[in-house]
Amino acid sequence: MGIKMPKAYHKMKDQIVSIDIADKEMNGFLLCQTSKCRVPVIFVDAYKKRYADKTVMVAPYFRLASNDKPHLRECKYNTLGQIEAIAKDSDDNVLRAIEEGHYSFRLNVIDETLRTLNQLAKDESNSDESAPWVSMPPAKVYTNRGKLDSYLSTMQKIMKLRSLTETHDELREIISLQYGKQTIKWSRFYYTSDDFKKCYTYIKRNNVTHPLCLEGIIKEIAPPQEKFKFHVLKLRFPWVEPDNDKIINLIAVELVIQNDKVLSYIQSNSSFYNVAVYSKFYVNESKVHIKQNQEGTKKMRFLNIKGNLYHPKQIVLF
Ligand SMILES: [Zn+2]
């Protein structure tokens with residue numbers, strides 16, 4: 001159980017090595033860089049990941065050599081220690097300890113916050129142009145902007161932690177996601193690009209009202225169009241095989257950027273292309289597009305997952 005690390009301590013060299021200069025030969029000599037912790041860690045090499053229209057390198061990192069030797073609780077790479085710190089800073093017990101080593105996160109507060117932001121964006125927009133607004137107004141409008149920022153900040157920290165943990169199930173074991181009286185499974189809440197299809201199906205088949213997190217890589221920020229005044233953040237389509245009718249069903253995740261601060265936040269961090277976002281999402285599918293080229297006929301359909309970004313804290317770039 002640990003957080004991926006960009007640096008490690010090399011005991012033979014007696015110095016900190018960064019991931020850019022590390023290699024597999026160093027395994028056996030690497031320890032956690034936190035001086036009090038120094039548990040054995042290993043180098044995990046970069047690897048190729050295939051998307052529908054591009055192959056991308058996944059960055060290398062250091063991780064724990066063994067779960068039997070976890071990071072010291074005080075070490076900043078200890079997952080539970082980090083959750084403890086997030087809970088301490090969280091307003092109104094949005095994230096709170098319910099027993100030793102176990103926490104509860106109130107997802108409905110994030111839901112209400114997003115609905116409030118949607119309402120505020122609606123109120124501030126004087127345009128008649130159509131936008132894919134979520135129609136349901138918030139039950140409770142948070143008028144305290146500081147509180148609102150704080151709730152989003154807690155959600156952002158959890159999402160960041162999730163994107164950095166060594167394995168997918170670490171947070172699942174520590175944090176329960178409460179949505180009113182319901183408990184939402186982590187597998188229904190946080191999706192990497194490998195699971196975008198599952199996410200699409202989940203939203204399509206269920207009346208999903210809770211927010212979701214999606215993690216992928218940025219494909220582009222599409223500029224506003226004549227009939228649509230917003231920038232749109234588009235994620236890269238995961239790789240898919242054609243279905244039985246030889247149709248390629250591309251999962252298109254798109255987030256409408258409803259606030260200029262979100263846009264400048266992404267643009268000023270353009271060296272990062274991995275992204276995790278949370279929003280309320282809805283889905284629809286396009287008609288089948290037929291393309292002719294030298295190799296023959298290509299049939300494609302877009303399975304769209306759409307959300308809105310109102311606040312920079314809805315995003316983690318890494
Ligand atoms: Zn450590």
# chains A, B, ... in the order shown; residues from 1 in each chain; ligands from 1
>>> closest_atom_pairs(of="chain A", to="ligand 1", cutoff="8 Å", atoms="only C-alpha atoms and all ligand atoms", output="tab-separated table")
residue	atom	partner	partner_atom_place_in_ligand_line	distance
A:Cys32	CA	ligand 1	1 (Zn)	4.7
A:Gln33	CA	ligand 1	1 (Zn)	6.6
A:Thr34	CA	ligand 1	1 (Zn)	5.3
A:Lys36	CA	ligand 1	1 (Zn)	7.7
A:Cys37	CA	ligand 1	1 (Zn)	4.6
A:Arg38	CA	ligand 1	1 (Zn)	5.9
A:Val39	CA	ligand 1	1 (Zn)	6.1
A:Pro70	CA	ligand 1	1 (Zn)	7.5
A:His71	CA	ligand 1	1 (Zn)	4.1
A:Leu72	CA	ligand 1	1 (Zn)	5.7
A:Cys75	CA	ligand 1	1 (Zn)	4.7
A:Lys76	CA	ligand 1	1 (Zn)	6.6
A:Tyr77	CA	ligand 1	1 (Zn)	5.3
A:Asn78	CA	ligand 1	1 (Zn)	6.5
>>> residues_around(residues="Lys48 (chain A)", least_positions_apart="4", cutoff="9 Å", atoms="only C-alpha atoms", output="number ranges by chain")
A: 55-58
>>> residues_around(residues="Phe29 (chain A)", least_positions_apart="5", cutoff="10 Å", atoms="only C-alpha atoms", output="mmCIF file with C-alpha atoms, in the first residue's frame")
data_model
loop_
_atom_site.group_PDB
_atom_site.id
_atom_site.type_symbol
_atom_site.label_atom_id
_atom_site.label_comp_id
_atom_site.auth_asym_id
_atom_site.auth_seq_id
_atom_site.Cartn_x
_atom_site.Cartn_y
_atom_site.Cartn_z
ATOM 1 C CA ALA A 8 14.270 7.295 -4.319
ATOM 2 C CA TYR A 9 17.365 6.976 -2.138
ATOM 3 C CA HIS A 10 20.217 4.875 -3.591
ATOM 4 C CA LYS A 11 22.083 3.271 -0.692
ATOM 5 C CA MET A 12 25.292 2.507 -2.588
ATOM 6 C CA LYS A 13 25.540 5.955 -4.108
ATOM 7 C CA ASP A 14 24.269 7.506 -0.870
ATOM 8 C CA PRO A 40 12.914 -0.870 0.133
ATOM 9 C CA VAL A 41 11.414 0.418 -3.120
ATOM 10 C CA ILE A 42 11.783 -0.663 -6.744
#
>>> residues_around(residues="Arg106 (chain A)", least_positions_apart="3", cutoff="9 Å", atoms="only C-alpha atoms", output="list in words")
Asn93, Val94, Leu95, Arg96, Val109, Ile110, Ser176, Leu177, Gln178, Tyr179 and Gly180 of chain A
>>> closest_residue(among="A:Ala85, A:Val253, A:Leu152, A:Leu164", to="Pro6 (chain A)", atoms="only C-alpha atoms")
A:Leu164
>>> select_by_dssp(residues="region 139-191 of chain A", states="strand (DSSP E or B)", output="list in words")
Thr165, Ile175, Ser176, Leu177, Gln178, Tyr179, Gln182, Thr183, Ile184, Tyr190 and Tyr191 of chain A
>>> atom_distance(atom1="CA of Leu214 (chain A)", atom2="CA of Phe318 (chain A)")
13.5 Å
>>> residues_around(residues="Arg63 (chain A)", least_positions_apart="2", cutoff="9 Å", atoms="only C-alpha atoms", output="ChimeraX atom specification")
/A:2-5,32,40-44,61,65-66,166
>>> atom_distance(atom1="CA of Asp89 (chain A)", atom2="CA of Gly307 (chain A)")
27.6 Å
>>> residues_around(residues="Glu241 (chain A)", least_positions_apart="6", cutoff="12 Å", atoms="only C-alpha atoms", output="PDB file with N, CA and C atoms, in the first residue's frame")
ATOM      1  N   ARG A  50      -1.802   1.436 -25.617  1.00  0.00           N
ATOM      2  CA  ARG A  50      -2.423   1.705 -26.901  1.00  0.00           C
ATOM      3  C   ARG A  50      -3.784   2.384 -26.746  1.00  0.00           C
ATOM      4  N   TYR A  51      -3.961   3.501 -27.429  1.00  0.00           N
ATOM      5  CA  TYR A  51      -5.275   4.154 -27.506  1.00  0.00           C
ATOM      6  C   TYR A  51      -5.789   3.972 -28.928  1.00  0.00           C
ATOM      7  N   ALA A  52      -7.021   4.410 -29.191  1.00  0.00           N
ATOM      8  CA  ALA A  52      -7.630   4.139 -30.500  1.00  0.00           C
ATOM      9  C   ALA A  52      -6.822   4.728 -31.655  1.00  0.00           C
ATOM     10  N   ILE A 247     -18.467  -2.476 -36.336  1.00  0.00           N
ATOM     11  CA  ILE A 247     -18.498  -1.050 -35.987  1.00  0.00           C
ATOM     12  C   ILE A 247     -17.512  -0.803 -34.847  1.00  0.00           C
ATOM     13  N   ILE A 248     -16.699   0.256 -35.005  1.00  0.00           N
ATOM     14  CA  ILE A 248     -15.777   0.632 -33.926  1.00  0.00           C
ATOM     15  C   ILE A 248     -16.500   1.632 -33.024  1.00  0.00           C
ATOM     16  N   ASN A 249     -16.745   1.220 -31.795  1.00  0.00           N
ATOM     17  CA  ASN A 249     -17.459   2.087 -30.850  1.00  0.00           C
ATOM     18  C   ASN A 249     -16.455   2.867 -30.008  1.00  0.00           C
ATOM     19  N   LEU A 250     -16.222   4.113 -30.373  1.00  0.00           N
ATOM     20  CA  LEU A 250     -15.229   4.921 -29.666  1.00  0.00           C
ATOM     21  C   LEU A 250     -15.889   5.620 -28.468  1.00  0.00           C
ATOM     22  N   ILE A 251     -15.249   5.477 -27.306  1.00  0.00           N
ATOM     23  CA  ILE A 251     -15.800   6.144 -26.120  1.00  0.00           C
ATOM     24  C   ILE A 251     -15.215   7.554 -26.065  1.00  0.00           C
ATOM     25  N   LYS A 299     -16.461   1.661 -40.205  1.00  0.00           N
ATOM     26  CA  LYS A 299     -17.697   2.148 -39.584  1.00  0.00           C
ATOM     27  C   LYS A 299     -17.418   2.514 -38.123  1.00  0.00           C
ATOM     28  N   MET A 300     -17.802   3.716 -37.762  1.00  0.00           N
ATOM     29  CA  MET A 300     -17.529   4.188 -36.404  1.00  0.00           C
ATOM     30  C   MET A 300     -18.768   4.777 -35.752  1.00  0.00           C
TER      31      MET A 300
END
>>> closest_residue(among="A:Tyr310, A:Phe196, A:Tyr103, A:Phe237", to="Lys280 (chain A)", atoms="only C-alpha atoms")
A:Tyr310
>>> atom_distance(atom1="CA of Glu74 (chain A)", atom2="CA of Glu25 (chain A)")
28.9 Å
>>> select_by_dssp(residues="region 104-196 of chain A", states="helix (DSSP H, G or I)", output="compact mmCIF listing (two decimals) with N, CA and C atoms, in the first residue's frame")
# COMPACT_ATOMS: atom_id res chain seq x y z
N LEU A 107 -20.25 12.03 -0.48
CA LEU A 107 -20.33 12.34 -1.90
C LEU A 107 -21.49 13.29 -2.23
N ASN A 108 -22.54 13.22 -1.39
CA ASN A 108 -23.70 14.10 -1.68
C ASN A 108 -23.36 15.57 -1.50
N VAL A 109 -22.36 15.89 -0.67
CA VAL A 109 -21.94 17.29 -0.52
C VAL A 109 -21.30 17.77 -1.82
N ILE A 110 -20.51 16.89 -2.44
CA ILE A 110 -19.88 17.24 -3.73
C ILE A 110 -20.95 17.39 -4.80
N ASP A 111 -21.94 16.51 -4.74
CA ASP A 111 -23.05 16.58 -5.67
C ASP A 111 -23.75 17.93 -5.57
N GLU A 112 -24.09 18.34 -4.34
CA GLU A 112 -24.77 19.63 -4.13
C GLU A 112 -23.87 20.79 -4.56
N THR A 113 -22.57 20.66 -4.30
CA THR A 113 -21.64 21.72 -4.68
C THR A 113 -21.60 21.89 -6.19
N LEU A 114 -21.55 20.77 -6.91
CA LEU A 114 -21.53 20.85 -8.37
C LEU A 114 -22.83 21.45 -8.90
N ARG A 115 -23.93 21.09 -8.26
CA ARG A 115 -25.21 21.65 -8.71
C ARG A 115 -25.29 23.15 -8.43
N THR A 116 -24.70 23.55 -7.30
CA THR A 116 -24.65 24.99 -6.99
C THR A 116 -23.82 25.72 -8.04
N LEU A 117 -22.66 25.15 -8.39
CA LEU A 117 -21.79 25.78 -9.40
C LEU A 117 -22.51 25.88 -10.74
N ASN A 118 -23.27 24.85 -11.05
CA ASN A 118 -24.05 24.86 -12.29
C ASN A 118 -25.08 26.00 -12.26
N GLN A 119 -25.73 26.13 -11.11
CA GLN A 119 -26.74 27.18 -10.94
C GLN A 119 -26.08 28.56 -11.06
N LEU A 120 -24.92 28.74 -10.42
CA LEU A 120 -24.22 30.02 -10.46
C LEU A 120 -23.79 30.35 -11.89
N ALA A 121 -23.29 29.33 -12.61
CA ALA A 121 -22.86 29.54 -13.99
C ALA A 121 -24.05 29.96 -14.85
N LYS A 122 -25.18 29.35 -14.58
CA LYS A 122 -26.41 29.68 -15.30
C LYS A 122 -26.80 31.14 -15.04
N ASP A 123 -26.74 31.50 -13.75
CA ASP A 123 -27.12 32.85 -13.36
C ASP A 123 -26.19 33.90 -13.97
N GLU A 124 -24.89 33.52 -14.04
CA GLU A 124 -23.90 34.49 -14.53
C GLU A 124 -23.88 34.58 -16.05
N ARG A 145 -18.69 30.85 -0.63
CA ARG A 145 -17.73 30.40 -1.65
C ARG A 145 -16.53 29.69 -1.05
N GLY A 146 -16.15 30.13 0.17
CA GLY A 146 -15.01 29.50 0.84
C GLY A 146 -15.28 28.04 1.13
N LYS A 147 -16.47 27.77 1.62
CA LYS A 147 -16.88 26.39 1.93
C LYS A 147 -16.88 25.54 0.65
N LEU A 148 -17.46 26.14 -0.35
CA LEU A 148 -17.58 25.46 -1.63
C LEU A 148 -16.19 25.07 -2.17
N ASP A 149 -15.26 26.02 -2.10
CA ASP A 149 -13.88 25.76 -2.52
C ASP A 149 -13.27 24.63 -1.70
N SER A 150 -13.57 24.66 -0.40
CA SER A 150 -12.99 23.68 0.50
C SER A 150 -13.50 22.26 0.19
N TYR A 151 -14.80 22.12 -0.08
CA TYR A 151 -15.35 20.80 -0.43
C TYR A 151 -14.70 20.26 -1.70
N LEU A 152 -14.59 21.17 -2.69
CA LEU A 152 -14.01 20.74 -3.96
C LEU A 152 -12.55 20.36 -3.79
N SER A 153 -11.89 21.09 -2.91
CA SER A 153 -10.47 20.85 -2.65
C SER A 153 -10.27 19.45 -2.04
N THR A 154 -11.15 19.07 -1.12
CA THR A 154 -11.06 17.74 -0.51
C THR A 154 -11.25 16.67 -1.58
N MET A 155 -12.25 16.87 -2.42
CA MET A 155 -12.51 15.91 -3.51
C MET A 155 -11.30 15.82 -4.43
N GLN A 156 -10.72 16.97 -4.74
CA GLN A 156 -9.56 17.00 -5.64
C GLN A 156 -8.37 16.24 -5.03
N LYS A 157 -8.16 16.43 -3.73
CA LYS A 157 -7.04 15.73 -3.07
C LYS A 157 -7.24 14.21 -3.10
N ILE A 158 -8.48 13.78 -2.89
CA ILE A 158 -8.76 12.34 -2.92
C ILE A 158 -8.52 11.79 -4.33
N MET A 159 -8.98 12.54 -5.32
CA MET A 159 -8.81 12.11 -6.70
C MET A 159 -7.31 12.04 -7.07
N LYS A 160 -6.56 13.03 -6.58
CA LYS A 160 -5.12 13.05 -6.85
C LYS A 160 -4.45 11.82 -6.22
N LEU A 161 -4.85 11.55 -4.99
CA LEU A 161 -4.29 10.40 -4.28
C LEU A 161 -4.62 9.10 -5.04
N ARG A 162 -5.85 9.01 -5.49
CA ARG A 162 -6.27 7.81 -6.24
C ARG A 162 -5.43 7.64 -7.51
N SER A 163 -5.14 8.76 -8.17
CA SER A 163 -4.37 8.67 -9.42
C SER A 163 -2.92 8.29 -9.14
N LEU A 164 -2.46 8.49 -7.90
CA LEU A 164 -1.06 8.22 -7.58
C LEU A 164 -0.83 6.93 -6.80
N GLU A 170 -6.49 0.40 -3.24
CA GLU A 170 -6.06 0.91 -1.94
C GLU A 170 -7.07 1.82 -1.27
N LEU A 171 -7.61 2.78 -2.02
CA LEU A 171 -8.57 3.70 -1.42
C LEU A 171 -9.88 3.01 -1.10
N ARG A 172 -10.22 2.02 -1.92
CA ARG A 172 -11.46 1.27 -1.69
C ARG A 172 -11.48 0.67 -0.29
N GLU A 173 -10.31 0.22 0.15
CA GLU A 173 -10.24 -0.40 1.47
C GLU A 173 -10.27 0.60 2.61
N ILE A 174 -9.97 1.86 2.30
CA ILE A 174 -9.86 2.86 3.38
C ILE A 174 -11.05 3.82 3.42
N TRP A 186 -16.37 1.95 -5.21
CA TRP A 186 -15.31 2.67 -5.90
C TRP A 186 -15.29 2.34 -7.39
N SER A 187 -15.60 1.08 -7.73
CA SER A 187 -15.58 0.69 -9.14
C SER A 187 -16.71 1.37 -9.93
N ARG A 188 -17.66 1.95 -9.21
CA ARG A 188 -18.75 2.69 -9.87
C ARG A 188 -18.50 4.19 -9.80
N SER A 193 -9.12 4.94 -18.18
CA SER A 193 -9.57 4.81 -19.58
C SER A 193 -9.87 3.36 -19.96
N ASP A 194 -9.25 2.40 -19.28
CA ASP A 194 -9.54 0.98 -19.54
C ASP A 194 -11.01 0.66 -19.25
N ASP A 195 -11.62 1.44 -18.39
CA ASP A 195 -13.00 1.15 -17.96
C ASP A 195 -14.03 2.18 -18.43
N PHE A 196 -13.66 3.00 -19.40
CA PHE A 196 -14.62 4.01 -19.88
C PHE A 196 -15.90 3.35 -20.43
>>> residues_around(residues="Asp45 (chain A)", least_positions_apart="6", cutoff="10 Å", atoms="only C-alpha atoms", output="list in words")
Ile19, Ala22, Asp23, Lys24, Val58, Ala59, Pro60, Tyr61 and Phe62 of chain A
>>> write_last_selection(atoms="C-alpha atoms", output="PDB file, in the first residue's frame")
ATOM      1  CA  ILE A  19      13.107   8.660 -11.909  1.00  0.00           C
ATOM      2  CA  ALA A  22      16.850   5.417 -12.755  1.00  0.00           C
ATOM      3  CA  ASP A  23      16.832   1.937 -14.284  1.00  0.00           C
ATOM      4  CA  LYS A  24      16.173  -1.705 -13.330  1.00  0.00           C
ATOM      5  CA  VAL A  58       3.134   5.504 -19.482  1.00  0.00           C
ATOM      6  CA  ALA A  59       5.738   7.164 -17.246  1.00  0.00           C
ATOM      7  CA  PRO A  60       8.055   5.098 -14.995  1.00  0.00           C
ATOM      8  CA  TYR A  61       7.866   5.393 -11.180  1.00  0.00           C
ATOM      9  CA  PHE A  62       9.181   3.953  -7.929  1.00  0.00           C
TER      10      PHE A  62
END
>>> decode(residues="region 61-75 of chain A", atoms="C-alpha atoms", output="tab-separated table (two decimals), in the first residue's frame")
chain	number	residue	atom	x	y	z
A	61	TYR	CA	7.87	5.39	-11.18
A	62	PHE	CA	9.18	3.95	-7.93
A	63	ARG	CA	6.96	1.77	-5.76
A	64	LEU	CA	7.21	-0.33	-2.59
A	65	ALA	CA	9.26	-3.50	-3.04
A	66	SER	CA	6.90	-5.39	-0.72
A	67	ASN	CA	3.61	-4.77	1.06
A	68	ASP	CA	5.11	-6.44	4.11
A	69	LYS	CA	7.35	-3.42	4.50
A	70	PRO	CA	5.01	-0.42	4.10
A	71	HIS	CA	5.98	3.21	4.40
A	72	LEU	CA	6.14	4.69	7.86
A	73	ARG	CA	2.74	6.23	8.74
A	74	GLU	CA	4.37	9.70	8.84
A	75	CYS	CA	5.97	9.24	5.41
